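Participant: Take a look at model_12.txt, compact mmCIF, C-alpha atoms:
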```txt
# COMPACT_ATOMS: atom_id res chain seq x y z
CA GLY A 19 -3.04 10.45 12.66
CA ALA A 20 0.28 8.71 12.52
CA VAL A 21 2.88 10.19 10.19
CA VAL A 22 5.57 8.24 8.35
CA SER A 23 8.36 10.22 6.75
CA GLN A 24 10.46 8.74 3.96
CA HIS A 25 13.62 10.22 2.52
CA PRO A 26 14.82 10.82 -0.14
CA SER A 27 11.85 11.16 -2.45
CA ARG A 28 13.93 10.65 -5.57
CA VAL A 29 17.36 9.18 -6.26
CA ILE A 30 19.30 8.87 -9.48
CA CYS A 31 22.47 6.84 -9.22
CA LYS A 32 25.02 5.03 -11.33
CA SER A 33 24.99 1.29 -11.69
CA GLY A 34 27.04 -0.41 -8.99
CA THR A 35 26.49 2.17 -6.27
CA SER A 36 24.51 1.66 -3.07
CA VAL A 37 21.51 3.70 -2.10
CA LYS A 38 20.06 4.12 1.39
CA ILE A 39 16.41 5.00 1.98
CA GLU A 40 15.21 6.14 5.40
CA CYS A 41 11.78 5.65 6.89
CA ARG A 42 10.81 7.38 10.14
CA SER A 43 7.70 7.25 12.26
CA LEU A 44 7.32 10.83 13.47
CA ASP A 45 4.73 10.71 16.22
CA PHE A 46 4.60 7.10 17.25
CA GLN A 47 6.88 4.17 17.87
CA ALA A 48 6.89 1.50 15.20
CA THR A 49 8.23 -1.85 16.30
CA THR A 50 7.43 -3.18 12.85
CA MET A 51 7.75 -1.48 9.51
CA PHE A 52 7.08 -2.85 6.04
CA TRP A 53 8.97 -2.19 2.82
CA TYR A 54 7.12 -2.39 -0.48
CA ARG A 55 8.20 -2.05 -4.07
CA GLN A 56 6.00 -0.87 -6.90
CA PHE A 57 6.56 -0.95 -10.65
CA PRO A 58 4.56 1.35 -12.94
CA LYS A 59 0.89 0.40 -13.20
CA GLN A 60 1.41 -2.51 -10.82
CA SER A 61 0.47 -3.19 -7.25
CA LEU A 62 2.61 -2.83 -4.18
CA MET A 63 4.71 -5.92 -3.59
CA LEU A 64 5.83 -6.57 -0.04
CA MET A 65 9.59 -7.01 0.09
CA ALA A 66 10.27 -7.44 3.77
CA THR A 67 9.08 -6.84 7.28
CA SER A 68 11.47 -4.81 9.39
CA ASN A 69 11.54 -5.62 13.08
CA GLU A 70 13.11 -3.32 15.64
CA GLY A 71 16.12 -4.91 17.25
CA SER A 72 16.08 -8.07 15.18
CA LYS A 73 16.61 -9.32 11.66
CA ALA A 74 14.18 -8.43 8.94
CA THR A 75 11.90 -11.05 7.46
CA TYR A 76 12.14 -11.17 3.68
CA GLU A 77 9.46 -12.31 1.25
CA GLN A 78 10.15 -15.15 -1.09
CA GLY A 79 12.29 -14.10 -4.03
CA VAL A 80 13.72 -10.99 -2.36
CA GLU A 81 17.50 -11.12 -1.93
CA LYS A 82 18.40 -10.16 1.61
CA ASP A 83 22.00 -9.39 0.66
CA LYS A 84 20.79 -7.09 -2.07
CA PHE A 85 18.23 -5.23 0.00
CA LEU A 86 19.70 -4.62 3.44
CA ILE A 87 17.24 -3.59 6.11
CA ASN A 88 18.18 -2.11 9.45
CA HIS A 89 15.66 -1.21 12.15
CA ALA A 90 17.93 0.15 14.83
CA SER A 91 15.38 2.19 16.75
CA LEU A 92 11.65 2.32 17.33
CA THR A 93 11.29 5.22 14.91
CA LEU A 94 13.73 4.47 12.12
CA SER A 95 14.10 1.74 9.52
CA THR A 96 16.47 1.93 6.57
CA LEU A 97 16.57 0.04 3.30
CA THR A 98 19.89 -0.07 1.45
CA VAL A 99 19.90 -1.21 -2.14
CA THR A 100 23.42 -2.54 -2.59
CA SER A 101 25.25 -2.51 -5.92
CA ALA A 102 22.20 -1.15 -7.65
CA HIS A 103 21.49 -2.09 -11.26
CA PRO A 104 18.98 -0.70 -13.75
CA GLU A 105 16.53 -3.51 -12.97
CA ASP A 106 16.39 -2.22 -9.38
CA SER A 107 14.83 1.00 -10.64
CA SER A 108 11.44 1.18 -8.99
CA PHE A 109 9.26 3.03 -6.50
CA TYR A 110 10.07 1.96 -2.94
CA ILE A 111 7.58 2.68 -0.15
CA CYS A 112 7.78 2.05 3.57
CA SER A 113 4.87 1.75 5.96
CA ALA A 114 4.06 1.15 9.57
CA ARG A 115 1.01 0.27 11.58
CA ASP A 116 -0.19 2.84 14.04
CA PHE A 117 0.09 2.55 17.78
CA GLU A 118 2.99 0.13 17.94
CA GLY A 119 1.38 -2.38 15.69
CA ALA A 120 -1.89 -2.60 17.54
CA GLY A 121 -3.81 -0.86 14.81
CA GLU A 122 -4.85 -2.53 11.60
CA LYS A 123 -4.38 0.17 9.01
CA LEU A 124 -1.04 1.07 7.49
CA PHE A 125 0.47 4.52 7.27
CA PHE A 126 2.74 4.96 4.31
CA GLY A 127 5.71 7.15 3.58
CA SER A 128 5.64 9.25 0.45
CA GLY A 129 7.85 6.81 -1.42
CA THR A 130 11.28 6.92 -3.06
CA GLN A 131 11.65 6.78 -6.82
CA LEU A 132 14.96 5.07 -7.57
CA SER A 133 16.45 5.39 -11.03
CA VAL A 134 19.65 3.45 -11.72
CA LEU A 135 21.54 4.52 -14.83
CA SER B 9 -3.15 -19.58 -4.75
CA GLN B 10 -4.32 -16.38 -3.14
CA LYS B 11 -5.49 -13.64 -5.47
CA ILE B 12 -6.86 -10.15 -5.13
CA GLU B 13 -8.39 -8.85 -8.35
CA GLN B 14 -9.39 -5.34 -9.23
CA ASN B 15 -10.47 -4.08 -12.60
CA SER B 16 -7.25 -3.11 -14.32
CA GLU B 17 -9.01 -0.89 -16.82
CA ALA B 18 -9.37 2.74 -15.89
CA LEU B 19 -12.83 3.86 -14.89
CA ASN B 20 -13.91 7.16 -16.43
CA ILE B 21 -17.01 8.83 -15.07
CA GLN B 22 -18.64 12.21 -15.18
CA GLU B 23 -18.50 14.61 -12.28
CA GLY B 24 -21.45 14.16 -9.94
CA LYS B 25 -22.00 10.50 -10.78
CA THR B 26 -21.32 7.58 -8.46
CA ALA B 27 -18.14 5.61 -9.05
CA THR B 28 -18.20 1.92 -8.16
CA LEU B 29 -14.99 -0.08 -7.92
CA THR B 30 -14.78 -3.83 -7.40
CA CYS B 31 -12.40 -6.00 -5.43
CA ASN B 32 -12.65 -9.79 -5.70
CA TYR B 33 -10.50 -12.23 -3.80
CA THR B 34 -9.84 -15.96 -3.73
CA ASN B 35 -8.34 -18.25 -1.12
CA TYR B 36 -8.51 -15.64 1.62
CA SER B 37 -10.59 -15.64 4.78
CA PRO B 38 -9.97 -12.07 5.83
CA ALA B 39 -11.09 -10.72 9.16
CA TYR B 40 -11.26 -7.33 7.45
CA LEU B 41 -10.67 -5.59 4.14
CA GLN B 42 -9.21 -2.14 3.57
CA TRP B 43 -9.34 0.46 0.82
CA TYR B 44 -6.54 2.93 0.07
CA ARG B 45 -6.13 5.82 -2.32
CA GLN B 46 -2.87 6.35 -4.19
CA ASP B 47 -1.95 9.43 -6.19
CA PRO B 48 0.86 9.29 -8.80
CA GLY B 49 4.31 9.23 -7.22
CA ARG B 50 2.91 9.07 -3.69
CA GLY B 51 2.38 6.43 -1.03
CA PRO B 52 -1.12 5.04 -0.47
CA VAL B 53 -3.46 6.73 2.00
CA PHE B 54 -5.88 4.73 4.13
CA LEU B 55 -9.56 5.36 3.46
CA LEU B 56 -11.80 2.72 5.03
CA LEU B 57 -11.68 -0.60 6.83
CA ILE B 58 -14.61 -3.01 6.90
CA ARG B 59 -14.76 -6.12 9.06
CA GLU B 60 -16.09 -9.52 8.08
CA ASN B 61 -19.18 -9.11 10.24
CA GLU B 62 -20.03 -5.73 8.68
CA LYS B 63 -22.03 -5.58 5.49
CA GLU B 64 -21.54 -1.89 4.80
CA LYS B 65 -19.51 1.03 6.02
CA ARG B 66 -19.76 4.73 5.19
CA LYS B 67 -17.50 7.73 5.53
CA GLU B 68 -18.70 11.01 4.05
CA ARG B 69 -19.11 10.33 0.28
CA LEU B 70 -17.50 6.90 0.51
CA LYS B 71 -19.30 3.61 0.98
CA VAL B 72 -17.83 0.14 1.16
CA THR B 73 -19.65 -3.19 1.11
CA PHE B 74 -18.20 -6.55 2.02
CA ASP B 75 -19.76 -9.85 0.94
CA THR B 76 -17.79 -12.76 2.38
CA THR B 77 -19.96 -15.26 0.52
CA LEU B 78 -19.23 -13.71 -2.86
CA LYS B 79 -15.71 -12.86 -1.68
CA GLN B 80 -16.17 -9.36 -2.97
CA SER B 81 -16.01 -5.77 -1.81
CA LEU B 82 -17.52 -2.81 -3.62
CA PHE B 83 -16.22 0.71 -3.11
CA HIS B 84 -18.52 3.59 -3.99
CA ILE B 85 -17.79 7.30 -4.29
CA THR B 86 -20.99 9.34 -4.54
CA ALA B 87 -21.19 12.82 -6.06
CA SER B 88 -17.75 12.26 -7.55
CA GLN B 89 -15.42 15.20 -8.13
CA PRO B 90 -12.32 15.63 -10.32
CA ALA B 91 -10.29 15.64 -7.09
CA ASP B 92 -11.36 12.03 -6.55
CA SER B 93 -9.29 11.02 -9.58
CA ALA B 94 -6.64 8.57 -8.30
CA THR B 95 -5.87 4.87 -8.11
CA TYR B 96 -7.83 2.96 -5.50
CA LEU B 97 -6.36 -0.16 -3.92
CA CYS B 98 -8.02 -2.84 -1.86
CA ALA B 99 -5.98 -4.78 0.64
CA LEU B 100 -6.37 -7.95 2.68
CA GLU B 101 -4.47 -9.44 5.57
CA GLY B 102 -2.73 -12.47 4.13
CA GLY B 103 -1.37 -13.89 7.35
CA GLY B 104 1.62 -12.92 9.44
CA ASN B 105 0.23 -9.46 10.09
CA LYS B 106 1.01 -8.49 6.48
CA LEU B 107 -1.26 -6.64 4.08
CA THR B 108 -1.49 -7.77 0.47
CA PHE B 109 -2.73 -5.28 -2.10
CA GLY B 110 -4.72 -5.61 -5.28
CA THR B 111 -3.45 -4.08 -8.50
CA GLY B 112 -5.68 -1.06 -8.08
CA THR B 113 -8.20 0.63 -10.34
CA GLN B 114 -7.53 4.06 -11.77
CA LEU B 115 -10.50 6.39 -11.50
CA LYS B 116 -10.82 9.49 -13.67
CA VAL B 117 -13.60 11.92 -12.92
CA GLU B 118 -14.24 14.26 -15.82
CA LEU B 119 -15.92 17.65 -15.80
```
Is it possible to express this structure as structure tokens?
Facilitator:
Amino acid sequence: GAVVSQHPSRVICKSGTSVKIECRSLDFQATTMFWYRQFPKQSLMLMATSNEGSKATYEQGVEKDKFLINHASLTLSTLTVTSAHPEDSSFYICSARDFEGAGEKLFFGSGTQLSVL
Amino acid sequence: SQKIEQNSEALNIQEGKTATLTCNYTNYSPAYLQWYRQDPGRGPVFLLLIRENEKEKRKERLKVTFDTTLKQSLFHITASQPADSATYLCALEGGGNKLTFGTGTQLKVEL
């Protein structure tokens, strides 16, 4: 099956710094990737849809200048949390559909736990 | 507004019994519904997909039903094992090729 690799798995940073999270599709090309955020004991909340070669589409209430998404190639999408603050501490997960978006199920990365001090 | 509801209370069952988890939805007309498993600190893993014209789907010890009239899906794990302990999420396509997830139900299978 399709494999999505996410890195790093855990980040601890100081308030005001920027953090970049990488999401790679290892054995398939992903024209579209999705970024989710999850707080403890809560569901995954879709933040944005990352489109290769074009601007990301953000969900309502998600600040695009705060959460920068770049999808520069068919196998890599990055999420940068700019000027991170403690309230940005959360579990961030990327995902992609298999077979260039033709499949219906999502394959998820292993997630990144961000802790902002 | 659209809602996907799963029992937020943890479900504790004894090993060997059948676990049944519920997913109810409102204001969706999904072409299909999916179930995922999530372990602590990990991303979800796809388990099963059931389409609107399918009443039931099985995969090994897993069984999913889909009632579009009741707007409900039931997820069953038969002969449950401690290794089945995890959070189980249902998900629906909410338009725009995006999946929306329920809050998940935590299952604990005890010896």
Participant: For the contact check between chain A and chain B, emit one row per residue of chain A within 12 Å, containing the shortest atom pair and the distance in Å rounded to one decimal, counting only C-alpha atoms, chain then rising number order, as CSV.
Facilitator:
```
residue,atom,partner,partner_atom,distance
A:Gly19,CA,B:Phe54,CA,10.7
A:Ala20,CA,B:Phe54,CA,11.1
A:Val21,CA,B:Val53,CA,10.9
A:Val22,CA,B:Gly51,CA,10.1
A:Ser23,CA,B:Gly51,CA,10.5
A:Gln24,CA,B:Gly51,CA,9.8
A:Ser27,CA,B:Gly49,CA,9.1
A:Arg28,CA,B:Gly49,CA,9.9
A:Thr50,CA,B:Asn105,CA,9.9
A:Met51,CA,B:Lys106,CA,10.2
A:Phe52,CA,B:Lys106,CA,8.3
A:Trp53,CA,B:Lys106,CA,10.8
A:Tyr54,CA,B:Gly51,CA,10.0
A:Arg55,CA,B:Gly51,CA,10.7
A:Gln56,CA,B:Gly51,CA,10.0
A:Phe57,CA,B:Thr111,CA,10.7
A:Pro58,CA,B:Pro48,CA,9.7
A:Lys59,CA,B:Thr111,CA,7.8
A:Gln60,CA,B:Thr111,CA,5.6
A:Ser61,CA,B:Thr111,CA,4.2
A:Leu62,CA,B:Phe109,CA,6.2
A:Met63,CA,B:Phe109,CA,7.6
A:Leu64,CA,B:Thr108,CA,7.4
A:Met65,CA,B:Lys106,CA,10.8
A:Ala66,CA,B:Lys106,CA,9.7
A:Thr67,CA,B:Lys106,CA,8.3
A:Ser68,CA,B:Lys106,CA,11.5
A:Thr75,CA,B:Gly104,CA,10.6
A:Tyr76,CA,B:Lys106,CA,11.8
A:Glu77,CA,B:Lys106,CA,10.6
A:Ser108,CA,B:Gly49,CA,10.9
A:Phe109,CA,B:Gly49,CA,8.0
A:Tyr110,CA,B:Gly51,CA,9.1
A:Ile111,CA,B:Gly51,CA,6.5
A:Cys112,CA,B:Gly51,CA,8.3
A:Ser113,CA,B:Gly51,CA,8.8
A:Ala114,CA,B:Lys106,CA,10.6
A:Arg115,CA,B:Asn105,CA,9.9
A:Asp116,CA,B:Phe54,CA,11.6
A:Gly119,CA,B:Asn105,CA,9.1
A:Ala120,CA,B:Asn105,CA,10.3
A:Gly121,CA,B:Asn105,CA,10.6
A:Glu122,CA,B:Leu57,CA,8.6
A:Lys123,CA,B:Phe54,CA,6.8
A:Leu124,CA,B:Phe54,CA,6.9
A:Phe125,CA,B:Val53,CA,6.9
A:Phe126,CA,B:Gly51,CA,5.6
A:Gly127,CA,B:Gly51,CA,5.7
A:Ser128,CA,B:Gly51,CA,4.6
A:Gly129,CA,B:Gly51,CA,5.5
A:Thr130,CA,B:Gly49,CA,8.4
A:Gln131,CA,B:Gly49,CA,7.7
A:Leu132,CA,B:Gly49,CA,11.4
```
Participant: Can you tell me which residues surround Thr28 (chain B) at a distance of at most 7 Å, considering all atoms listed in the file, apart from same-chain residues fewer than 3 positions away, and format the answer as a ChimeraX atom specification?
Facilitator: /B:82-85
Participant: One decimal, Å: what's the distance from CA of Glu81 (chain A) over to CA of Glu105 (chain A), could you say?
Facilitator: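 That distance, rounded to one decimal, is 13.4 Å.
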Participant: Please, what distance in Å, to one decimal, runs between CA of Ala39 (chain B) and CA of Gln78 (chain A)?
Facilitator: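 Separating CA of Ala39 (chain B) from CA of Gln78 (chain A) is a distance of 24.0 Å.
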Participant: Would you mind telling me which residue in B:Ile58, B:Leu19, B:Ala87, B:Leu119 lies nearest to Pro38 (chain B) when using all atoms listed in the file?
Facilitator: B:Ile58
Participant: Measuring atom to atom with only C-alpha atoms, identify which of B:Gln89, B:Thr30, B:Gln46, B:Tyr36 is nearest to Val72 (chain B).
Facilitator: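 Closest residue, counting only C-alpha atoms: B:Thr30.
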Participant: Quick one: residues within 10 Å of region 83-87 of chain A, all atoms listed in the file counted, chain neighbours fewer than 3 positions away excluded, as a list of chain:residue names?
Facilitator: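 Counting all atoms listed in the file, the residues come to A:Ser36, A:Val37, A:Lys38, A:Ile39, A:Glu40, A:Trp53, A:Met65, A:Ala66, A:Thr67, A:Ser68, A:Asn69, A:Lys73, A:Ala74, A:Thr75, A:Tyr76, A:Val80, A:Ala90, A:Ser95, A:Thr96, A:Leu97, A:Thr98, A:Val99, A:Thr100, A:Ser101, A:Ala102, A:Asp106.
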Participant: What gap, in Å, lies between CA of Arg69 (chain B) and CA of Glu23 (chain B)?
Facilitator: 13.3 Å
Participant: Of the candidates B:Gly102, B:Asp75, B:Leu70, B:Tyr96, which shows the shortest atom-to-atom distance to Thr26 (chain B), using only C-alpha atoms?
Facilitator: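 Looking only at the distances to Thr26 (chain B), the closest residue turns out to be B:Leu70.
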Participant: Quick one: residues within 10 Å of Thr34 (chain B), only C-alpha atoms, excluding same-chain residues fewer than 4 positions away - as a compact mmCIF listing (two decimals) with C-alpha atoms, keeping the file's coordinate frame?
Facilitator:
```
# COMPACT_ATOMS: atom_id res chain seq x y z
CA SER B 9 -3.15 -19.58 -4.75
CA GLN B 10 -4.32 -16.38 -3.14
CA LYS B 11 -5.49 -13.64 -5.47
CA ILE B 12 -6.86 -10.15 -5.13
CA GLU B 13 -8.39 -8.85 -8.35
CA LEU B 78 -19.23 -13.71 -2.86
CA LYS B 79 -15.71 -12.86 -1.68
CA GLN B 80 -16.17 -9.36 -2.97
```
